[in-house]
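Participant: Pasting target34.pdb here (PDB, C-alpha atoms):
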```
ATOM      1  CA  MET A   1       0.000   0.000   0.000
ATOM      2  CA  ILE A   2       1.185   3.475  -0.791
ATOM      3  CA  THR A   3      -0.156   6.604   0.831
ATOM      4  CA  ILE A   4      -0.044   9.870  -1.053
ATOM      5  CA  TYR A   5      -1.145  13.248   0.226
ATOM      6  CA  VAL A   6      -2.305  15.857  -2.258
ATOM      7  CA  ASN A   7      -1.649  19.295  -0.778
ATOM      8  CA  VAL A   8      -3.930  21.819  -2.472
ATOM      9  CA  GLN A   9      -3.434  25.581  -2.226
ATOM     10  CA  PRO A  10      -5.313  28.474  -3.821
ATOM     11  CA  LYS A  11      -3.072  30.093  -6.463
ATOM     12  CA  ALA A  12      -1.275  33.280  -5.450
ATOM     13  CA  ASN A  13      -3.488  35.555  -7.597
ATOM     14  CA  ILE A  14      -6.723  34.101  -6.187
ATOM     15  CA  LEU A  15      -8.461  35.898  -3.371
ATOM     16  CA  ASP A  16      -8.872  33.641  -0.340
ATOM     17  CA  PRO A  17     -11.616  35.214   1.802
ATOM     18  CA  GLN A  18     -11.501  32.340   4.292
ATOM     19  CA  GLY A  19      -7.779  32.879   4.852
ATOM     20  CA  LYS A  20      -8.359  36.619   5.267
ATOM     21  CA  THR A  21     -11.072  36.068   7.852
ATOM     22  CA  ILE A  22      -8.895  33.665   9.861
ATOM     23  CA  HIS A  23      -6.018  36.145   9.605
ATOM     24  CA  HIS A  24      -8.180  38.869  11.188
ATOM     25  CA  ALA A  25      -9.443  36.500  13.877
ATOM     26  CA  LEU A  26      -5.891  35.542  14.839
ATOM     27  CA  GLN A  27      -4.879  39.218  14.884
ATOM     28  CA  ASN A  28      -7.708  39.832  17.339
ATOM     29  CA  LEU A  29      -6.240  37.089  19.513
ATOM     30  CA  GLY A  30      -2.950  38.983  19.640
ATOM     31  CA  PHE A  31      -0.997  37.294  16.827
ATOM     32  CA  GLN A  32       0.274  40.470  15.199
ATOM     33  CA  SER A  33       3.212  38.976  13.303
ATOM     34  CA  ILE A  34       1.189  37.119  10.656
ATOM     35  CA  GLN A  35       1.895  38.286   7.097
ATOM     36  CA  GLU A  36      -0.736  36.252   5.311
ATOM     37  CA  ILE A  37      -2.896  33.151   5.721
ATOM     38  CA  ARG A  38      -3.954  30.965   2.810
ATOM     39  CA  ILE A  39      -6.268  28.051   3.396
ATOM     40  CA  GLY A  40      -5.982  24.979   1.221
ATOM     41  CA  LYS A  41      -6.817  21.340   1.761
ATOM     42  CA  ARG A  42      -5.061  18.037   2.110
ATOM     43  CA  ILE A  43      -6.369  14.896   0.455
ATOM     44  CA  LYS A  44      -5.098  11.508   1.644
ATOM     45  CA  ILE A  45      -5.124   8.703  -0.882
ATOM     46  CA  ILE A  46      -4.267   5.143   0.118
ATOM     47  CA  MET A  47      -3.839   2.945  -2.895
ATOM     48  CA  GLU A  48      -2.390  -0.225  -4.277
ATOM     49  CA  ALA A  49       0.423   0.240  -6.757
ATOM     50  CA  ALA A  50       3.500  -1.663  -7.881
ATOM     51  CA  SER A  51       5.751   1.329  -7.366
ATOM     52  CA  VAL A  52       5.780   4.882  -6.061
ATOM     53  CA  LYS A  53       6.264   6.029  -9.627
ATOM     54  CA  GLU A  54       3.104   4.253 -10.760
ATOM     55  CA  ALA A  55       1.122   5.575  -7.786
ATOM     56  CA  THR A  56       2.333   9.121  -8.346
ATOM     57  CA  ALA A  57       1.367   8.990 -12.017
ATOM     58  CA  LYS A  58      -2.119   7.742 -11.114
ATOM     59  CA  VAL A  59      -2.639  10.450  -8.495
ATOM     60  CA  GLN A  60      -1.472  13.082 -10.955
ATOM     61  CA  GLU A  61      -4.105  11.816 -13.357
ATOM     62  CA  MET A  62      -6.721  12.039 -10.567
ATOM     63  CA  CYS A  63      -5.688  15.636  -9.947
ATOM     64  CA  GLU A  64      -6.074  16.522 -13.613
ATOM     65  CA  LYS A  65      -9.410  14.739 -13.994
ATOM     66  CA  LEU A  66     -11.151  15.864 -10.807
ATOM     67  CA  LEU A  67      -9.218  16.845  -7.700
ATOM     68  CA  ILE A  68      -7.743  20.152  -8.899
ATOM     69  CA  ASN A  69      -9.151  23.099 -10.799
ATOM     70  CA  PRO A  70      -5.976  24.470 -12.448
ATOM     71  CA  LEU A  71      -7.540  27.909 -12.924
ATOM     72  CA  ILE A  72      -7.550  28.564  -9.184
ATOM     73  CA  GLU A  73      -5.553  25.843  -7.453
ATOM     74  CA  GLU A  74      -2.030  24.434  -7.392
ATOM     75  CA  TYR A  75      -0.866  21.267  -5.688
ATOM     76  CA  THR A  76       2.074  19.221  -4.548
ATOM     77  CA  LEU A  77       2.235  15.481  -3.878
ATOM     78  CA  GLU A  78       3.708  13.992  -0.741
ATOM     79  CA  VAL A  79       4.418  10.267  -0.743
ATOM     80  CA  VAL A  80       4.391   8.284   2.502
ATOM     81  CA  SER A  81       5.369   4.638   2.284
TER      82      SER A  81
ATOM     83  CA  MET B   1     -45.051  22.827 -27.452
ATOM     84  CA  ILE B   2     -41.362  23.071 -26.621
ATOM     85  CA  LYS B   3     -39.879  20.304 -24.482
ATOM     86  CA  PHE B   4     -37.495  20.951 -21.596
ATOM     87  CA  GLY B   5     -35.514  18.475 -19.505
ATOM     88  CA  VAL B   6     -34.466  19.274 -15.941
ATOM     89  CA  VAL B   7     -31.452  17.303 -14.708
ATOM     90  CA  ILE B   8     -31.624  16.118 -11.108
ATOM     91  CA  PHE B   9     -28.418  15.439  -9.166
ATOM     92  CA  PRO B  10     -28.295  14.218  -5.569
ATOM     93  CA  GLY B  11     -28.494  17.524  -3.703
ATOM     94  CA  SER B  12     -30.292  19.541  -6.389
ATOM     95  CA  ASN B  13     -32.971  21.589  -4.660
ATOM     96  CA  CYS B  14     -34.340  23.951  -7.327
ATOM     97  CA  ASP B  15     -35.355  21.143  -9.668
ATOM     98  CA  LEU B  16     -39.008  21.289  -8.575
ATOM     99  CA  ASP B  17     -39.034  25.083  -8.955
ATOM    100  CA  ALA B  18     -37.728  24.690 -12.510
ATOM    101  CA  LEU B  19     -40.273  21.966 -13.333
ATOM    102  CA  TYR B  20     -43.045  24.172 -11.920
ATOM    103  CA  ALA B  21     -41.946  27.384 -13.650
ATOM    104  CA  ILE B  22     -41.598  25.710 -17.039
ATOM    105  CA  GLY B  23     -44.585  23.347 -16.797
ATOM    106  CA  LYS B  24     -47.181  25.345 -14.903
ATOM    107  CA  VAL B  25     -46.241  28.971 -15.550
ATOM    108  CA  ALA B  26     -44.583  28.954 -18.980
ATOM    109  CA  LYS B  27     -46.913  26.060 -19.912
ATOM    110  CA  GLN B  28     -44.380  23.975 -21.816
ATOM    111  CA  ALA B  29     -43.609  20.259 -21.739
ATOM    112  CA  VAL B  30     -40.960  19.379 -19.184
ATOM    113  CA  ILE B  31     -39.467  16.133 -17.895
ATOM    114  CA  PRO B  32     -36.991  15.305 -15.137
ATOM    115  CA  ILE B  33     -33.685  13.670 -16.154
ATOM    116  CA  TRP B  34     -31.891  11.603 -13.511
ATOM    117  CA  HIS B  35     -28.124  12.166 -13.291
ATOM    118  CA  LYS B  36     -27.320   8.517 -14.017
ATOM    119  CA  GLU B  37     -28.903   8.660 -17.482
ATOM    120  CA  THR B  38     -26.376   8.135 -20.245
ATOM    121  CA  GLN B  39     -28.823   8.887 -23.035
ATOM    122  CA  ILE B  40     -30.550  12.245 -23.107
ATOM    123  CA  PRO B  41     -34.227  12.142 -24.065
ATOM    124  CA  ASP B  42     -35.344  14.170 -27.061
ATOM    125  CA  VAL B  43     -35.674  17.682 -25.591
ATOM    126  CA  ASP B  44     -35.253  21.214 -26.966
ATOM    127  CA  CYS B  45     -33.474  22.608 -23.924
ATOM    128  CA  ILE B  46     -31.729  21.173 -20.872
ATOM    129  CA  VAL B  47     -31.878  22.892 -17.480
ATOM    130  CA  LEU B  48     -29.216  22.294 -14.823
ATOM    131  CA  PRO B  49     -30.978  23.486 -11.666
ATOM    132  CA  GLY B  50     -29.712  25.132  -8.512
ATOM    133  CA  GLY B  51     -28.892  23.399  -5.276
ATOM    134  CA  PHE B  52     -25.901  21.741  -3.683
ATOM    135  CA  SER B  53     -25.150  18.771  -5.914
ATOM    136  CA  TYR B  54     -23.078  16.217  -4.005
ATOM    137  CA  GLY B  55     -23.048  18.544  -1.020
ATOM    138  CA  ASP B  56     -20.654  20.929  -2.826
ATOM    139  CA  TYR B  57     -17.926  18.409  -1.934
ATOM    140  CA  LEU B  58     -14.436  19.207  -3.286
ATOM    141  CA  ARG B  59     -15.626  22.318  -5.197
ATOM    142  CA  PRO B  60     -19.181  23.402  -6.063
ATOM    143  CA  GLY B  61     -20.283  21.516  -9.172
ATOM    144  CA  ALA B  62     -17.064  19.483  -9.390
ATOM    145  CA  VAL B  63     -18.490  16.023  -8.761
ATOM    146  CA  ALA B  64     -21.698  16.601 -10.752
ATOM    147  CA  SER B  65     -19.650  17.833 -13.722
ATOM    148  CA  ARG B  66     -18.051  14.364 -13.974
ATOM    149  CA  SER B  67     -21.344  12.422 -13.792
ATOM    150  CA  PRO B  68     -22.575  10.195 -16.655
ATOM    151  CA  VAL B  69     -25.341  12.577 -17.737
ATOM    152  CA  ILE B  70     -22.859  15.437 -18.210
ATOM    153  CA  GLN B  71     -20.903  13.450 -20.792
ATOM    154  CA  SER B  72     -24.104  13.224 -22.855
ATOM    155  CA  ILE B  73     -24.901  16.887 -22.216
ATOM    156  CA  LYS B  74     -21.456  17.820 -23.553
ATOM    157  CA  ARG B  75     -22.248  16.021 -26.805
ATOM    158  CA  TYR B  76     -25.721  17.594 -26.842
ATOM    159  CA  ALA B  77     -24.204  21.082 -26.399
ATOM    160  CA  VAL B  78     -21.486  20.563 -29.013
ATOM    161  CA  ASN B  79     -24.244  19.672 -31.477
ATOM    162  CA  GLY B  80     -25.957  22.990 -30.761
ATOM    163  CA  GLY B  81     -28.411  21.843 -28.057
ATOM    164  CA  LYS B  82     -29.510  24.596 -25.679
ATOM    165  CA  VAL B  83     -28.371  24.266 -22.070
ATOM    166  CA  ILE B  84     -29.113  26.655 -19.205
ATOM    167  CA  GLY B  85     -27.350  26.250 -15.867
ATOM    168  CA  ILE B  86     -28.795  28.156 -12.936
ATOM    169  CA  CYS B  87     -26.745  28.796  -9.777
ATOM    170  CA  ASN B  88     -25.305  25.354  -8.954
ATOM    171  CA  GLY B  89     -26.035  24.504 -12.608
ATOM    172  CA  PHE B  90     -23.715  27.388 -13.609
ATOM    173  CA  GLN B  91     -21.040  25.975 -11.284
ATOM    174  CA  VAL B  92     -21.473  22.570 -12.953
ATOM    175  CA  LEU B  93     -21.108  24.117 -16.440
ATOM    176  CA  VAL B  94     -17.792  25.841 -15.637
ATOM    177  CA  GLU B  95     -16.448  22.723 -13.921
ATOM    178  CA  ALA B  96     -17.458  20.724 -17.018
ATOM    179  CA  ASN B  97     -15.578  23.238 -19.217
ATOM    180  CA  LEU B  98     -18.746  24.050 -21.129
ATOM    181  CA  LEU B  99     -18.262  27.651 -19.983
ATOM    182  CA  PRO B 100     -14.998  29.439 -19.133
ATOM    183  CA  GLY B 101     -13.977  30.504 -15.627
ATOM    184  CA  VAL B 102     -14.963  29.453 -12.143
ATOM    185  CA  LEU B 103     -17.251  30.564  -9.291
ATOM    186  CA  LEU B 104     -15.324  31.393  -6.132
ATOM    187  CA  THR B 105     -16.648  31.989  -2.640
ATOM    188  CA  ASN B 106     -18.364  35.373  -2.257
ATOM    189  CA  GLN B 107     -15.948  38.112  -1.236
ATOM    190  CA  SER B 108     -17.915  38.570   2.011
ATOM    191  CA  THR B 109     -17.703  34.773   2.662
ATOM    192  CA  ARG B 110     -21.439  34.991   3.397
ATOM    193  CA  PHE B 111     -24.389  33.225   1.831
ATOM    194  CA  ILE B 112     -26.432  35.961   0.127
ATOM    195  CA  SER B 113     -30.158  35.529  -0.495
ATOM    196  CA  LYS B 114     -31.994  38.546  -1.917
ATOM    197  CA  ILE B 115     -33.555  40.043  -5.016
ATOM    198  CA  VAL B 116     -30.931  42.006  -6.966
ATOM    199  CA  PRO B 117     -31.060  44.409  -9.924
ATOM    200  CA  LEU B 118     -29.417  43.137 -13.118
ATOM    201  CA  GLU B 119     -28.782  44.444 -16.601
ATOM    202  CA  VAL B 120     -29.424  42.336 -19.697
ATOM    203  CA  VAL B 121     -26.280  43.311 -21.605
ATOM    204  CA  ASN B 122     -26.809  40.854 -24.449
ATOM    205  CA  ASN B 123     -30.281  40.186 -25.812
ATOM    206  CA  GLN B 124     -28.983  38.394 -28.923
ATOM    207  CA  THR B 125     -29.063  34.955 -27.312
ATOM    208  CA  PRO B 126     -31.663  32.153 -27.277
ATOM    209  CA  PHE B 127     -32.144  32.889 -23.563
ATOM    210  CA  THR B 128     -32.711  36.657 -23.699
ATOM    211  CA  ASN B 129     -34.215  37.458 -27.113
ATOM    212  CA  LEU B 130     -37.461  38.834 -25.579
ATOM    213  CA  PHE B 131     -35.616  41.350 -23.369
ATOM    214  CA  GLN B 132     -34.630  44.827 -24.508
ATOM    215  CA  LYS B 133     -30.903  45.482 -24.786
ATOM    216  CA  ASN B 134     -29.650  46.973 -21.506
ATOM    217  CA  GLN B 135     -33.024  46.288 -19.872
ATOM    218  CA  LEU B 136     -32.913  46.470 -16.088
ATOM    219  CA  ILE B 137     -34.540  43.499 -14.388
ATOM    220  CA  ARG B 138     -34.769  42.025 -10.888
ATOM    221  CA  LEU B 139     -34.043  38.400 -10.017
ATOM    222  CA  PRO B 140     -33.305  36.608  -6.743
ATOM    223  CA  ILE B 141     -29.837  35.308  -5.937
ATOM    224  CA  ALA B 142     -29.149  32.686  -3.246
ATOM    225  CA  HIS B 143     -25.554  31.515  -3.118
ATOM    226  CA  LYS B 144     -22.292  31.433  -1.223
ATOM    227  CA  ASP B 145     -20.091  30.672  -4.225
ATOM    228  CA  GLY B 146     -21.121  33.106  -6.943
ATOM    229  CA  ASN B 147     -17.995  35.212  -7.285
ATOM    230  CA  TYR B 148     -17.217  34.802 -10.988
ATOM    231  CA  PHE B 149     -13.540  34.717 -11.871
ATOM    232  CA  THR B 150     -11.491  33.949 -14.941
ATOM    233  CA  ASP B 151      -7.977  34.713 -16.151
ATOM    234  CA  PRO B 152      -7.301  37.926 -18.147
ATOM    235  CA  ALA B 153      -6.891  36.157 -21.515
ATOM    236  CA  SER B 154     -10.179  34.318 -21.169
ATOM    237  CA  LEU B 155     -11.934  37.474 -19.945
ATOM    238  CA  ARG B 156     -10.785  39.290 -23.094
ATOM    239  CA  MET B 157     -12.206  36.491 -25.249
ATOM    240  CA  ILE B 158     -15.490  36.549 -23.345
ATOM    241  CA  GLN B 159     -15.853  40.294 -23.858
ATOM    242  CA  GLN B 160     -14.757  40.243 -27.508
ATOM    243  CA  ASN B 161     -17.342  37.576 -28.319
ATOM    244  CA  ASN B 162     -20.150  39.312 -26.400
ATOM    245  CA  GLN B 163     -20.534  36.330 -24.094
ATOM    246  CA  VAL B 164     -21.521  38.360 -21.037
ATOM    247  CA  VAL B 165     -25.324  38.181 -20.836
ATOM    248  CA  PHE B 166     -26.283  39.508 -17.376
ATOM    249  CA  THR B 167     -24.369  41.914 -15.116
ATOM    250  CA  TYR B 168     -25.065  42.986 -11.534
ATOM    251  CA  GLN B 169     -26.028  46.619 -11.004
ATOM    252  CA  ASP B 170     -24.688  46.497  -7.463
ATOM    253  CA  ASN B 171     -22.089  43.702  -7.364
ATOM    254  CA  PRO B 172     -23.061  41.511  -4.375
ATOM    255  CA  ASN B 173     -20.308  38.887  -4.453
ATOM    256  CA  GLY B 174     -17.139  40.307  -6.027
ATOM    257  CA  SER B 175     -17.635  38.879  -9.534
ATOM    258  CA  ILE B 176     -15.116  40.139 -12.060
ATOM    259  CA  GLU B 177     -16.653  42.803 -14.376
ATOM    260  CA  ASN B 178     -19.950  42.417 -12.424
ATOM    261  CA  ILE B 179     -20.661  39.226 -14.388
ATOM    262  CA  ALA B 180     -23.871  37.523 -13.241
ATOM    263  CA  GLY B 181     -24.370  35.290 -16.267
ATOM    264  CA  LEU B 182     -22.531  34.413 -19.448
ATOM    265  CA  CYS B 183     -22.848  32.135 -22.447
ATOM    266  CA  ASN B 184     -20.412  30.165 -24.580
ATOM    267  CA  ARG B 185     -19.047  31.474 -27.842
ATOM    268  CA  GLU B 186     -21.765  29.736 -29.848
ATOM    269  CA  LYS B 187     -24.462  31.233 -27.537
ATOM    270  CA  ASN B 188     -26.278  27.910 -26.951
ATOM    271  CA  VAL B 189     -25.038  27.378 -23.367
ATOM    272  CA  LEU B 190     -25.894  29.903 -20.644
ATOM    273  CA  GLY B 191     -24.854  29.932 -17.001
ATOM    274  CA  LEU B 192     -26.175  32.426 -14.470
ATOM    275  CA  MET B 193     -26.142  32.771 -10.690
ATOM    276  CA  PRO B 194     -29.571  34.503 -10.358
ATOM    277  CA  HIS B 195     -32.667  32.279 -10.302
ATOM    278  CA  PRO B 196     -35.138  33.029 -13.135
ATOM    279  CA  GLU B 197     -37.182  29.936 -12.172
ATOM    280  CA  ARG B 198     -37.884  31.474  -8.758
ATOM    281  CA  ALA B 199     -39.168  34.666 -10.370
ATOM    282  CA  CYS B 200     -41.902  33.724 -12.801
ATOM    283  CA  GLU B 201     -44.981  34.961 -10.909
ATOM    284  CA  SER B 202     -45.503  38.354  -9.279
ATOM    285  CA  ILE B 203     -46.291  36.696  -5.927
ATOM    286  CA  THR B 204     -42.552  35.909  -5.631
ATOM    287  CA  GLY B 205     -41.660  39.611  -5.753
ATOM    288  CA  THR B 206     -40.628  39.725  -9.404
ATOM    289  CA  SER B 207     -41.690  37.837 -12.507
ATOM    290  CA  ASP B 208     -38.788  38.949 -14.718
ATOM    291  CA  GLY B 209     -37.473  35.381 -14.867
ATOM    292  CA  LEU B 210     -40.397  34.174 -16.969
ATOM    293  CA  LEU B 211     -39.019  36.061 -19.980
ATOM    294  CA  VAL B 212     -35.915  33.843 -19.890
ATOM    295  CA  PHE B 213     -38.023  30.712 -20.411
ATOM    296  CA  GLN B 214     -40.272  32.460 -22.941
ATOM    297  CA  SER B 215     -37.153  33.567 -24.848
ATOM    298  CA  ILE B 216     -35.971  29.942 -24.995
ATOM    299  CA  VAL B 217     -39.397  28.886 -26.282
ATOM    300  CA  ALA B 218     -39.303  31.617 -28.962
ATOM    301  CA  ALA B 219     -35.779  30.608 -30.027
ATOM    302  CA  CYS B 220     -36.719  26.907 -30.201
ATOM    303  CA  LYS B 221     -39.841  27.653 -32.247
ATOM    304  CA  GLU B 222     -37.820  29.736 -34.672
ATOM    305  CA  ALA B 223     -35.294  26.910 -35.042
ATOM    306  CA  LYS B 224     -38.035  24.400 -35.925
TER     307      LYS B 224
END
```
As structure tokens, what does this structure read like?
Facilitator:
Amino acid sequence: MITIYVNVQPKANILDPQGKTIHHALQNLGFQSIQEIRIGKRIKIIMEAASVKEATAKVQEMCEKLLINPLIEEYTLEVVS
Amino acid sequence: MIKFGVVIFPGSNCDLDALYAIGKVAKQAVIPIWHKETQIPDVDCIVLPGGFSYGDYLRPGAVASRSPVIQSIKRYAVNGGKVIGICNGFQVLVEANLLPGVLLTNQSTRFISKIVPLEVVNNQTPFTNLFQKNQLIRLPIAHKDGNYFTDPASLRMIQQNNQVVFTYQDNPNGSIENIAGLCNREKNVLGLMPHPERACESITGTSDGLLVFQSIVAACKEAK
């Protein structure tokens, strides 16, 4: 079994109102040093594959077909064996 | 009589409103289409209704846009079939790449439900041919993810091809260029965040939405 995390982030030019709101809330709690907060998501995929290479290729295909909207999101893969 | 089909996804919640507005108010034939259908019945126009298909999981419209029925709707649209996506239906259309861009969370992060003033900026479409150009109308909106966005190159194309159909008078959600609804280049696919199907009788506060369905009927009759 291979576990792969897909770490999704809103692209830099995309407004992230949720991140902004959390930023303000943390400022109100006294955390004044924050520059910016961006909220993404993390998708955990546990799958059967012969190799990490094969698994990575499959997950990339999943990202292209459904998991990511390239207009607004970017992602990185993190493999855990 | 013109025949409409209303697609129902798990989580659609404006499907009955659409069936009512088209069947009882506009007095046209209308049938429901279940999302698992792979063959589209013989209809003149397909409606993708509002709601929260698949609970808005992943991104609004993302899961519905990969469902079996959408593959058939893509073929239907490529062959010139008329498709109107309302609210969540608009989100499904952009996720399915039948329309450019994406609908982000409202700038305020709030769900907004109210009647808003709109301008019909393009009345040369099958969905707006009975409106006057630049006519001001009122339709209800009810969404949290209606903030239209697209990249600069695609926005230029949209404007050059007169694809913007409705704009907000008083931008409620942060949409780029006040876009409330737009169509594809060929003008046979329309997506809009406001709900014409909820505004077909004066008892609902405005009946301006009825003209959208009557425009479709007029366009279909002319095509026959």
Participant: Work out how far CA of Gln18 (chain A) is from CA of Glu36 (chain A), in Å to one decimal.
Facilitator: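 Computing it gives 11.5 Å between the two atoms.
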Participant: Given only C-alpha atoms as the basis, pick out the residue of B:Val94, B:Val121, B:Ile86, B:Val25 nearest to chain A.
Facilitator: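 Comparing B:Val94, B:Val121, B:Ile86, B:Val25 against chain A, the winner is B:Val94.
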Participant: Convert the output of the ChimeraX specification (/B :<12) & /A on the shown file into explicit residues, formatted as a PyMOL selection string.
Facilitator: chain A and resi 8+10-11+13-22+40-43+63+65-73
Participant: Using all atoms listed in the file, determine which residues lie at most 7 Å from region 162-165 of chain B, disregarding the query and same-chain residues fewer than 4 positions distant; provide the list as a list in words.
Facilitator: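 Answer for this query is Val120, Val121, Asn122, Ile158, Ile179, Gly181, Leu182, Cys183, Asn184 and Arg185 of chain B.
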Participant: May I ask which of the residues B:Gln28, B:Gln71, B:Asn188, B:Thr206 is the closest one to Thr128 (chain B), counting all atoms listed in the file?
Facilitator: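 Residue with the minimum atom-to-atom distance to Thr128 (chain B): B:Asn188.
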Participant: With 8 Å of padding per side, what axis-aligned box (centre and edge lengths, Å, one decimal) covers all the listed atoms of region 7-24 of chain A? Give it as JSON.
Facilitator:
```
{"center_x": -6.4, "center_y": 29.1, "center_z": 1.8, "size_x": 26.3, "size_y": 35.6, "size_z": 34.8}
```
